[in-house]
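Colleague: My questions all concern the structure below.
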Amino acid sequence: MTDVSAPGNPPFRLSMLIHDRRYRSLTFQVIVFILVMAGLWWLVDNTIKNLALLGKNFNFGFLFQRAGYDIPQTPIPYTSDDTHLRAAVVGLLNTLIVSVLGCIAATFLGIIVGVARLSKNWLFARLMTVFVEIFRNMPLLLWILIIYAIFTEILPTPAAYRGEDAAWSMIFFDHVALTNRYTALPTIAMTNDPGSLDLGARITVNWATISFVAALTLGVIARRMIRNWAQSVQDRTGERPRTWWMSLAVMTVPSLILIRYFGLHLVAPELTGFNFTGGLNVSNALVALWLALTLYTAAFIAEIVRAGILAVSKGQTEAAYALGLRPNRTMSLVILPQALRVIVPPLISQYLNLTKNSSLAIAVGYMDLRGTLGGTTLNQTGRELEAIVLMMLTYLALSLIISGAMNIFNARVKLKER
Amino acid sequence: MSETGAQTVAYVRDTMLPAAPAPQAESGAIRWLRENLFSGPVNTILTLLGIGIVYFLIVTFWDWLAHSVWNAGSLSECREIIAATWGEGARGACWAVIRDRWNQYVFGFYPRDLYWRPTMTMGLMMVALAPVLFAPERRIRRILLVITAAVTLVSMIALSAPAGWLLFAAVMLIGGLVISERNVLWLLPFSVVFPLLGVWLLWGGSLWGPIFVLVGPALGWLAYRAMLRVLPAASVIVAIIVTLLFWLTLAGEAARDAENLLSLSIQSVRSDRFGGFLLSVTIGVSGISLSLPLGIMLALARQSNMFLIKSLAVVFIEFIRGVPLITLLFVASLLLNYFLPPGTTFDIILRVIIMVTLFAAAYMAEVIRGGLAALPKGQYEAADALGLDYWKAQRLIVLPQALKISIPGIVSTFIGMFKDTTLVTFVGLYDPLKSMSDAVRASTDWKGIYWEPYIFVGAIFFLICFGMSRYSMYLERRLQRDHR
């Protein structure tokens with residue numbers, strides 16, 4: 001037998017940087033790194049030169065100057081004497097308000113439409129298909145403009161509600177009035193106001209709100225404990241105790257007690273003079289934007305829900321029935337967990353899209369982050385670079401937070417593969 | 001047994017009874033109604049609800065649509081006609097605004113005597129797209145190209161195009177049809193050259209510009225062939241560098257000199273004259289054709305095992321996907337001047353196209369990454385086992401399958417991007433939806449008209465986007481290789 005010695009490492013030659021696969025990727029990455037750095041340096045250098053030419057600099061000091069403009073909808077106290085920073089925060093909160101409301105409504109509507117599209121009812125399924133196709137295939141901007149135009153052009157002035165035989169009447173048991181300037185909603189009032197907690201920076205939270213949040217949180221925890229207890233009883237005896245009334249009680253009774261204690265009641269808006277007062281007048285910009293975002297995103301969510309339900313094979317339902325599970329337990333234990341696995345990831349990106357699309361608020365003059373920081377503040381201070389960079393970073397952070405939170409949820413519903 | 005039975009049973013039927021007709025309730029329309037609309041209480045309620053919705057829609061919109069006016073010079077004239085024809089207080093749609101402002105909606109503020117140029121470009125685009133979209137379907141191509149040729153030529157005559165250009169268009173369109181009948185792949189060179197031709201026809205100026213843009217890759221190819229013998233691994237990079245160097249240094253000068261020697265220019269049109277659907281389609285088509293290759297490159301980069309490449313791709317994709325398109329458009333309109341050397345200005349439409357392309361490419365990359373991930377690992381290993389290098393494996397084995405899987409996602413991204421072209425209104429361009437409708441309303445004739453422009457523009461968008469989604473279904477069926 002001839003001695004076959006393993007070929008030792010050949011001596012390093014310069015051409016191996018290109019020809020040898022081990023070094024080639026390294027060479028390539030170094031070249032790319034140099035190119036990217038050079039590109040960045042070029043951009044930064046250009047920016048510095050351009051700023052110098054315009055006599056500007058890059059600093060965020062403008063955020064602490066007086067803003068000097070009013071914002072129609074302010075979730076936290078704000079006047080034109082406040083700083084640009086506070087205006088930006090108000091804008092961010094407005095973005096969040098419309099996004100959260102939109103996500104909730106779009107999810108509900110999307111689930112209903114998605115399930116209805118699968119219904120055996122020929123007419124209803126067709127109608128839902130038409131809804132989905134119409135909303136998916138036309139630009140969101142169109143829906144925002146059309147819905148806003150409906151509000152401003154077709155709805156009456158508040159004066160139309162005056163008199164005994166008024167041309168228009170309030171809906172929802174005389175609690176909501178639609179007008180061409182705002183939607184008058186009822187507000188919640190208290191007879192026994194516990195006062196507010198001051199968080200600093202003129203932001204206050206009513207103690208009633210805090211106690212409701214606390215009651216609901218405790219309710220959720222108690223419900224989980226009840227379910228664990230029921231599970232342990234089932235494991236021991238094979239019989240699952242009926243717990244739905246306990247769950248219902250821990251979720252609702254504390255809130256009902258709190259409502260009694262604080263004397264919560266609805267105050268309907270009333271027409272005094274030329275305007276509705278006493279209630280909450282929500283600007284039509286918010287309502288139109290919210291409706292358009294809801295309808296548009298719901299069409300996409302409906303398709304996601306439909307695909308998710310179709311993805312669970314029929315055999316799963318049949319197997320669950322064969323095991324003797326009742327239909328509702330089949331749905332909650334067999335179908336939903338599997339459908340959610342398919343539904344949740346695209347649902348996350350729809351929530352992200354909705355949040356980003358809320359920046360179209362500019363079309364109806366709703367003052368969101370784009371309208372304050374990227375709009376009036378930018379125009380007044382002339383600091384395009386800082387304002388846009390800050391705005392993009394805020395949106396980016398918002399997106400990362402939403403996708404992070406939803407990814408945690410996704411990890412929980414994901415198939416546990418072994 | 002049977003014998004005994006025959007003796008004991010009094011009567012045995014030896015022929016079949018004739019089949020009785022199915023009960024009334026179990027056949028025909030009634031059965032269909034019972035099964036599909038009234039199969040249970042819930043279903044009946046849903047049906048009634050559906051009928052209610054349809055009734056409401058008809059009651060609300062029927063008289064408005066039925067009282068349509070197509071011929072009027074202004075909104076007040078429209079209202080007079082409606083009142084005269086259908087009585088005082090009747091509602092009616094005034095589609096006359098579309099008729100009156102059709103050109104504005106289609107061409108924006110493009111010079112009136114040059115309307116034939118975008119029209120011809122659109123016709124030639126169909127010829128260029130035919131081999132890409134409908135390669136194996138001769139029948140579809142024939143219908144498409146015949147209709148395109150007829151519509152384009154008739155419109156060009158109606159728009160009083162110069163005879164020379166009319167002849168050029170006729171030769172190209174009919175030549176395209178003839179070649180498509182012989183062998184459609186011969187049209188591909190035209191598809192490659194068309195983007196430059198289209199840009200030249202739309203914006204005008206000297207033909208030498210596009211010609212010298214083409215010279216760049218030609219020189220690059222020569223460099224590639226030369227390097228192949230000396231240093232094969234670096235040949236592609238050298239070719240790219242040669243092309244870029246030519247474009248950046250010599251091309252502009254050469255085009256100017258050539259123009260001085262032999263003038264080949266047509267009237268140039270500034271970007272701010274673009275508007276309406278011309279603008280949407282220009283941005284949409286360029287964005288679509290540029291974002292697909294960029295998206296593929298980004299997806300491959302994100303799947304790469306080179307750390308730096310992968311991180312750069314991840315950062316880029318996540319950044320673009322994390323911000324609204326509107327902020328990117330603001331970067332294009334307000335900030336790009338900061339990032340470029342002092343004194344450079346470049347075209348706003350081009351800047352918007354770049355931003356829209358980057359935006360769509362990031363989404364596309366994620367869609368294609370899904371396709372790449374869905375491919376069984378065996379396919380990658382098989383490519384390795386065959387001894388294919390990275391690019392060959394991607395080109396021949398991985399990408400064809402991955403792209404096929406991602407077709408629905410890719411086309412949704414296209415549709416989303418086309419819808420997003422309406423956002424250019426926020427950087428001062430005349431999109432058909434908002435800016436153009438505002439412009440129409442700004443005139444005294446059409447002050448106060450809301451619904452008709454929106455419905456018209458929405459319907460056009462619906463047709464295009466719905467068409468795209470149907471095309472993706474057709475493509476999926478055509479590429480289906482598993483037999484089920």
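In the structure tokens, the first chain shown is A, the next is B, and so on; residue numbers restart at 1 for each chain, and ligands run from 1 in the order shown.
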Got a sec to tell me which of stretch 191-316 of chain B DSSP assigns to strand (DSSP E or B), as a PyMOL selection string?
Modeller: chain B and resi 205-206+265-266+275
Colleague: Would you mind exporting the chosen residues as a CSV table (one decimal), in the first residue's frame, restricted to C-alpha atoms?
Modeller:
chain,number,residue,atom,x,y,z
B,205,GLY,CA,-35.0,65.3,-25.9
B,206,SER,CA,-32.1,63.8,-27.8
B,265,SER,CA,-34.1,65.2,-30.9
B,266,ILE,CA,-37.9,65.6,-30.4
B,275,GLY,CA,-50.0,63.9,-14.5
Colleague: Compile the contact shell of stretch 26-39 of chain B as a list in words: residues with an atom at most 12 Å away, counting only C-alpha atoms, same-chain residues fewer than 3 positions apart removed.
Modeller: Ser119, Lys120, Asn121, Trp122, Leu123, Phe124, Ala125 and Arg126 of chain A; Pro21, Ala22, Pro23, Val42, Asn43, Thr44, Ile45, Leu46, Thr47, Leu48, Leu49, Gly50 and Ile51 of chain B
Colleague: I'd like the neighbourhood of B:Met436 as a list in words, where a residue qualifies if any of its atoms comes within 7 Å (using only C-alpha atoms), though same-chain residues fewer than 6 positions away should be ignored.
Modeller: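 Near B:Met436, the qualifying residues are Tyr105, Gly276 and Tyr430 of chain B.
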Colleague: Write out the residues from the selection above, keeping N, CA and C atoms, as a PDB file, in the first residue's frame.
Modeller:
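Done, and the output landed in out22.pdb:
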ATOM      1  N   TYR B 105     -57.360  63.847 -17.203  1.00  0.00           N
ATOM      2  CA  TYR B 105     -57.218  62.667 -16.355  1.00  0.00           C
ATOM      3  C   TYR B 105     -56.201  61.685 -16.917  1.00  0.00           C
ATOM      4  N   GLY B 276     -52.043  62.663 -13.985  1.00  0.00           N
ATOM      5  CA  GLY B 276     -53.115  61.723 -14.272  1.00  0.00           C
ATOM      6  C   GLY B 276     -52.617  60.291 -14.365  1.00  0.00           C
ATOM      7  N   TYR B 430     -49.101  65.438  -9.842  1.00  0.00           N
ATOM      8  CA  TYR B 430     -50.525  65.397 -10.136  1.00  0.00           C
ATOM      9  C   TYR B 430     -51.017  63.971 -10.342  1.00  0.00           C
TER      10      TYR B 430
END
Colleague: Taking only C-alpha atoms into account, which residues of chain B are within 6 Å of chain A, as number ranges by chain?
Modeller: B: 36-37, 50, 322-324, 338-342, 419, 458, 461-462, 465
Colleague: Leaving out stretch 366-380 of chain B and any residue of its chain fewer than 6 positions from it, which residues lie within 6 Å of it when counting only C-alpha atoms, given as a list in words?
Modeller: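 Using only C-alpha atoms, the neighbours found are Ala299, Ala402, Ile405, Ser406 and Gly409 of chain B.
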Colleague: Just want the 9 Å neighbourhood of stretch 157-164 of chain B, counted on only C-alpha atoms, with same-chain residues fewer than 5 positions away dropped. Output as a list of chain:residue names.
Modeller: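 So the residues in contact are B:Arg112, B:Asp113, B:Leu114, B:Tyr115, B:Trp116, B:Arg117, B:Thr152, B:Ala169.
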Colleague: Name all residues at most 9 Å from B:Val427 (count only C-alpha atoms; drop same-chain ones fewer than 2 positions away) and give them as a list in words.
Modeller: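 Counting only C-alpha atoms, the residues come to Ile326, Leu329, Phe330, Ala332, Ser333, Leu334, Ile348, Val352, Leu423, Val424, Thr425 and Leu429 of chain B.
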Colleague: How many Å separate atom CA of A:Gln380 from atom CA of A:Pro75?
Modeller: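 Answer for the atom CA of A:Gln380 to atom CA of A:Pro75 separation: 22.6 Å.
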Colleague: Could you check how far atom CA of A:Ser313 sits from atom CA of A:Ile348, in Å to one decimal?
Modeller: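 Atom-to-atom, atom CA of A:Ser313 and atom CA of A:Ile348 are spaced 23.5 Å apart.
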Colleague: May I have all residues of stretch 128-353 of chain B that DSSP, computed from the backbone, assigns to alpha helix (DSSP H), given as a PyMOL selection string?
Modeller: chain B and resi 128-133+138-158+163-182+188-203+208-230+235-245+252-261+276-303+307-322+325-330+336-339+348-353
Colleague: Pick out the closest residue to A:Ile154 from this set: A:Leu178, A:Met16, A:Leu92, A:Ile34. Count only C-alpha atoms.
Modeller: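 Counting only C-alpha atoms, the residue closest to A:Ile154 is A:Leu178.
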Colleague: Report as an NGL selection string all protein, DNA and RNA residues lying within 9 Å of A:His84, evaluated on only C-alpha atoms, omitting residues in the same chain fewer than 3 positions from it.
Modeller: :A and (62-68 or 87-89 or 372-373 or 377)
Colleague: Residues of the last selection are to be written out with C-alpha atoms, as a JSON list (two decimals), in the first residue's frame.
Modeller:
[["chain", "number", "residue", "atom", "x", "y", "z"],
["A", 62, "PHE", "CA", -36.01, 73.40, 17.95],
["A", 63, "LEU", "CA", -38.02, 70.74, 19.78],
["A", 64, "PHE", "CA", -37.90, 72.86, 22.95],
["A", 65, "GLN", "CA", -39.04, 76.08, 21.32],
["A", 66, "ARG", "CA", -42.61, 77.36, 21.44],
["A", 67, "ALA", "CA", -44.75, 75.59, 18.87],
["A", 68, "GLY", "CA", -47.27, 78.37, 18.35],
["A", 87, "ALA", "CA", -46.85, 68.86, 19.82],
["A", 88, "ALA", "CA", -45.00, 65.86, 18.40],
["A", 89, "VAL", "CA", -46.09, 63.72, 21.36],
["A", 372, "THR", "CA", -47.47, 67.84, 13.66],
["A", 373, "LEU", "CA", -43.80, 66.88, 13.60],
["A", 377, "THR", "CA", -43.37, 71.91, 12.94]]
